[in-house]
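**Q** Once you've had a glance at the structure underneath, I'll fire off some questions.
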Amino acid sequence: MVPQSGAPGPIVVPTPTACQVRCAGCRGILNVPAGITEFACPNCKLQQMLPPELRHQQQQQQGIAQGIDPSKIQLPCAHCKSLLNVPHGLDRFVCPQCKVELAVDLTKLHNYLTTLSNGGFTTTAYISGQPEEVNEVVVDVEREEDEGGTIGETFTDYRPSKLSIGPPHPDPVVETSSLSAVQPPEPTYELKIAEEMEKSSALSSLQLETIIYASQRHSQHLPDNKRAGFFMGDGAGVGKGRTIAGLIWENWQHGRRKAVWLSVSSDLKFDARRDLDDVGATCVEVHALNKLPYSKLDSKSVGIMEGVIFLTYSSLIASSEKGRSRLQQLVKWCGPENDGLLVFDECHKAKNLVPESGGQATRTGEAVLEIQVQLPEARVVYCSATGASEPRNMGYMVRLGLWGPGTCFPQFQSFLEALEKRGVGALELVAMDMKARGMYVCRTLSFKGAEFEVVEVPLEADMMEMYKNAARLWAELRVELLKATASLSDERPNSSQLWRLYWASHQRFFRHMCMSAKVPAVVRLAKQALLEDKCVVIGLQSTGEARTEEAVTKYGAELDDFVSGPRELLLKLVEDNYPLPQQPVQMPEEGVKESGRKRHVAPTGISFKGRIRKAARCKAPSDVETDGEYETESEPESTDSDEEYQICEICMIEDTTKTVLQCSSCGKSIHAACLVPPEMDLVEGDWSCPMCKKQTEEYIKSRHAYIADLWKRYEAAKERKNQILETIRALDLPNNPLDDIIDQIGGPDRVAEMTGRRGMLVRASSGKGVVYQARNTKDVSMEMVNMHEKQLFMDGKKLVAVISEAGSAGVSLQADRRAKNQKRRVHITLELPWSADRAIQQFGRTHRSNQACAPEYRLLFTNLGGERRFASIVAKRLESLGALTQGDRRAGPSLSAYNYDSVYGKRALHMMYKAIIEQSDQPVLPPNCLVGEREKIQEFHSLARAALISVGIIRDAIPGTGKDTWKLSGRILENDMNDVGRFLNRILGLAPDIQNRLFEYFISILDILVQDARKEGDFDSGIVDIKANLIKLQGSPKTVHVDAMSGASTTLFTLMIDRGITFEAASGLLDQNAKIVVNQTDDGFYESKREWLGRKHFLLAIECPRLLPRTFKIFRPASGEALREMNLVELRSKYKRVSSVEKVHDFWQEEFQISAEQCMHGPKCKAGASCTIGKRIQEFNILGGLILPVWGIVEKSLSKQARQSHRRLRVVRLETTSDNQRIVGLHIPNPAVNSVLQGLS
């Protein structure tokens, strides 16, 4: 049997000559043509065999058969005889065909396998319908070993390992444990400024180390003949700016007098000048490109022959009105052979060169790539603490030589695919690989003393009611917009544009609501910090300035209360985008008559007895004009008298008198006397005959009725729009969070604001209402207001600071030893940034060099399931950022619990949608539902469908009929089925109750899938720490590959590890824990309830503090501390507590001794000596050092392994117990070692 680790594949309609079989991997239903016994699934590519019962039968089988998975044991069900795929060690399960509960009958296993090996096939009940005694401990240990070891320390103190010049860095600096296990190449570069720096102490030892390795790297060329580049990934506070200045000064000494320095802000030019002066490069001029003309920089008029050109990324893509570009200006100034420095400071600004599918590359990314192409000899430096938040963002780093000629990856796309396929473990290898080749450094200020806490904020009662009403209003508004759009028929506006605006506003609205829900908690935490003699920094992203300015424009500068951002946003959406019919215009009477004439076009000539007569209107003599005669091809110009002939349509008499009238609509002529009543007065202007007059009046009447109906529809739509606007105005919605926080903490006099907004609302001096005022004063300009506010905070005159991304770039707010205010900073994130890059930058405002104390970080989330959307985005980036930028995914704050936008999250969402829409078998029960409560489950699915319809995920919903009236049918677009972001985003607009229940349902399915992935050995856990009592090298490490450019090597380490724990050590742990924590009644030794090979297994369980449900750390004699913790329910179901310690002693020691020689399966294990499950002493092989050049060979060798967990790249880390040598690299399973060595040779 195969666990449901993936969503079912598409159902294929069987052909007459095919049989149906369920894939053993993805569980999709496949059609296998007659005569085919071996095949591969087209979806998951798993190689499989047709079950034996289908090989001998051509007729249609009842039910759907299961394909054979070669990595599992095939066993027949005792009830329906279906052949099932059973993972090794799985003891009890349910048959997917007949749904009968089954258990393994171990007594018949040997005979059954022998029969199969002899070519026979039997349905002897290897699986019985009654549970038997099974070794659950073996199953648990096997799963734990597939998952890996425990997580160790993340950071280690950093000191240059191969250099001893320069003073130590002024603050403690650390490096991740993974990177610290990798040694850089030997330094061979002679530093020219070394003696000068030794005297001045302007640069620390680690800054000088960076300059040496960068210069050494710049002396090399890549296989495509471009100069190699360097990546400086140091964190905030390490001093990247001064290091760049030192690198410029070093190159200046070698005669390279031209340098280009790109950064994010033109103001940082002053920092560049300061850093150059600090290292002694006072003679090097810094020129701001934005102040220079577009002409040649080295021309006589401009006169820049050398120095540093400082520019921003915005300037790089700028051009003049005449089409001259800054990029070409720089290239011409440098020259194609220029080998000076090209520094990309804060290079993450170019990260979108290779966007997600469907996106477009940014102009900045393209320009950064282009200038590197045009300056092949430039000495490129990529500089950013967040330059590689994920592999896709490395697309512009072409000078690192990670892809292209001479590598395993011919182009960046193949490099990207390989990393994304292998997950976090592969990302961690890249950072270590770059350091080993001398192209990368990444140190950061020690976070020792800094505290990270994720604070979940429950909604208060009034906020809960407010949220419910807002969700209801948005659902009603959606229906209103659907109706209004449908009623417009041909006048319908651009519907897709309307709904894009609707969902964008929907997201912003509920994001505002989530922020507002956290305001009371922010105020409470801030006031608590102030009472504890600390100061507070509150970080957010959006200030609500646009909504505030719109409200001030509409209502004036004096208002009754602070502006509600959500209300103004909703009002703007409806006012600007509510679909109204086009306003009708009443046509004047003349216009209607003119329309009537156009509808009755008459000929201008009347033929009678072969003569051409002119049809002229009867007018007053003064009005009669001659327009010229009509001519025909058969007759010459008429020579008749000017007297006009006209025939009366009533009496048919031709007359020459001037009393014949002509209809202006149909052109017919009628005697005035023939009319009833006769027309006695002279007619001036247009005249209509009785028939046309009747038709025209009917037309006018219908036209008036039509326009009246249009007006009625328009007024009704307008009235409905006004009603919606009034409903919005009457809705109780929260105020702008920024204004609310400042007001509750004490107003602008007590809060320093560093944001990008120009004005703010403050309480009026009378206490009634609020007044809009500019943030700057007469003494402080708008450009300097943030710096002024910062100084007030650093001087301690204001103890609370509010910062946004726009206003705090480059601002240092740490407890600086040089500042008056050295109180500990409590950094509260009211609103997480959209990306981890920005989150890290924001955290860096309060954690920098020369600080008296480290900050406390409080990351706030509400208990709304949907808000985890924002946490999910940042968590995903932080996980990758830590992995790639720092070589360890745990290097950032721990938000991985909030990362739902993963491959498992997408699969879980797909399964949940199918369960809700199709009422299919779900892997877990919905929240608050029990087995057998069918009506309750149906009720939940009905509520879930209605909720998904209201937020636009389920489309084309049609109510059911008859017995299914409670059902709502519909469809979910294929793109939406796996879009976790959209799901978490949209459910924000649901009432909190159903929102949280839907989210809980999703998480329950996700947990099952992750557990299954762990069991199968497929779960990517990044770097895994191998912990053991004894770890020592077996012989000398073997060098299997050497990199020609850097000299870095790939080494195979063979180690012996002893993982066990003696009884004395286990007892010591229990006694030590008892002294620290009291009343832990369930801590102690346990024995298994069932025997295996005539004996029971024992373990030590110690409860993990502050975890619900109650969870325990597990220690076993043979394998020590287990990675997987066990909850109390599972512990009590499999084990019973032993009160007598003496009883445990002998059994514990016996298992400890036996496990040194054999695995947990006993001496007759079918895998023989190669089985390591539960074996205490093992041989362990690690491929360390340089990995990327041999990536393809290792991957190919591992793909041939029989065991699933042996096929994946697994990055491990361990430390030898004798000499504390740290080793990080790829774990090579023992069966694969020879294959890998053969490939490398």
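Residue numbers start at 1 in each chain; chains themselves are named A, B, ... in the order of the structure tokens; ligands are numbered from 1 in the order shown.
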Identify, on the basis of only C-alpha atoms, every residue whose closest approach to region 368-372 of chain A does not exceed 9 Å; exclude the query and any residue fewer than 3 positions from it along the same chain; express the result as an mmCIF file with C-alpha atoms, in the first residue's frame.
**A**
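Below is the file part.cif, written as the result:
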```
data_model
loop_
_atom_site.group_PDB
_atom_site.id
_atom_site.type_symbol
_atom_site.label_atom_id
_atom_site.label_comp_id
_atom_site.auth_asym_id
_atom_site.auth_seq_id
_atom_site.Cartn_x
_atom_site.Cartn_y
_atom_site.Cartn_z
ATOM 1 C CA TYR A 313 20.365 51.752 -10.178
ATOM 2 C CA LEU A 316 21.834 53.235 -14.730
ATOM 3 C CA LEU A 327 24.892 52.980 -19.358
ATOM 4 C CA GLN A 328 26.619 53.794 -22.673
ATOM 5 C CA LEU A 330 29.744 54.753 -18.425
ATOM 6 C CA VAL A 331 30.952 52.147 -20.940
ATOM 7 C CA LEU A 342 32.637 47.638 -11.026
ATOM 8 C CA PHE A 344 27.177 46.519 -7.395
ATOM 9 C CA ALA A 350 18.844 43.632 -9.874
ATOM 10 C CA LEU A 353 16.447 39.487 -14.215
ATOM 11 C CA ARG A 363 15.096 47.008 -16.845
ATOM 12 C CA THR A 364 17.466 47.225 -13.866
ATOM 13 C CA GLY A 365 18.334 43.534 -14.087
ATOM 14 C CA LEU A 375 33.071 45.477 -19.796
ATOM 15 C CA PRO A 376 34.478 41.913 -19.889
ATOM 16 C CA GLU A 377 37.699 42.870 -18.041
ATOM 17 C CA ALA A 378 36.007 44.803 -15.221
ATOM 18 C CA VAL A 380 33.085 42.901 -10.595
ATOM 19 C CA GLY A 395 20.617 35.377 -12.647
ATOM 20 C CA TYR A 396 22.712 38.560 -13.025
ATOM 21 C CA MET A 397 25.746 37.079 -11.161
ATOM 22 C CA VAL A 398 27.326 35.828 -14.367
ATOM 23 C CA ARG A 399 30.924 36.464 -13.190
#
```
**Q** To one decimal place, how far is CA of Tyr502 (chain A) from CA of Leu559 (chain A) in Å?
**A**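 About the pair CA of Tyr502 (chain A) and CA of Leu559 (chain A): they are 27.9 Å apart.
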**Q** Need to verify the contact set: region 447-457 of chain A, 7 Å, only C-alpha atoms, exclusion of same-chain residues closer than 6 positions in sequence. Can you return it as a PyMOL selection string?
**A** chain A and resi 518+521+854-863+893
**Q** Taking 3 positions as the minimum chain separation for residues in the same chain, which residues sit within 7 Å of region 533-540 of chain A when counting only C-alpha atoms? Answer as a PDB file with C-alpha atoms, in the first residue's frame.
**A**
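The resulting file, out-v2.pdb, is shown below:
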```pdb
ATOM      1  CA  ALA A 526       5.209  49.274  23.705  1.00  0.00           C
ATOM      2  CA  ALA A 529       8.682  48.006  27.266  1.00  0.00           C
ATOM      3  CA  LEU A 530       8.698  51.653  28.376  1.00  0.00           C
ATOM      4  CA  LEU A 799      11.606  56.766  23.328  1.00  0.00           C
ATOM      5  CA  VAL A 800       9.323  55.344  20.634  1.00  0.00           C
ATOM      6  CA  ALA A 801      10.163  55.321  16.923  1.00  0.00           C
ATOM      7  CA  VAL A 802       7.913  54.272  14.038  1.00  0.00           C
ATOM      8  CA  ILE A 803       9.724  53.331  10.840  1.00  0.00           C
ATOM      9  CA  SER A 804       8.616  52.371   7.334  1.00  0.00           C
ATOM     10  CA  LYS A 823      18.355  51.637  26.281  1.00  0.00           C
ATOM     11  CA  ARG A 824      17.572  48.207  24.884  1.00  0.00           C
ATOM     12  CA  ARG A 825      15.516  48.346  21.682  1.00  0.00           C
ATOM     13  CA  VAL A 826      12.275  46.357  21.457  1.00  0.00           C
ATOM     14  CA  HIS A 827      11.634  46.036  17.711  1.00  0.00           C
ATOM     15  CA  ILE A 828       7.961  45.260  17.025  1.00  0.00           C
ATOM     16  CA  THR A 829       6.933  44.329  13.479  1.00  0.00           C
ATOM     17  CA  LEU A 830       3.326  45.368  13.092  1.00  0.00           C
ATOM     18  CA  GLU A 831       3.473  44.467   9.424  1.00  0.00           C
ATOM     19  CA  LEU A 832       6.023  42.118   7.895  1.00  0.00           C
TER      20      LEU A 832
END
```
**Q** Work out how far CA of Pro581 (chain A) is from CA of Arg713 (chain A), in Å to one decimal.
**A**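 Atom-to-atom, CA of Arg713 (chain A) to CA of Pro581 (chain A), that is 7.5 Å.
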**Q** Please report, as a PyMOL selection string, each residue of region 936-1013 of chain A to which DSSP assigns strand (DSSP E) when run on this structure's backbone.
**A** chain A and resi 955-959+968-971
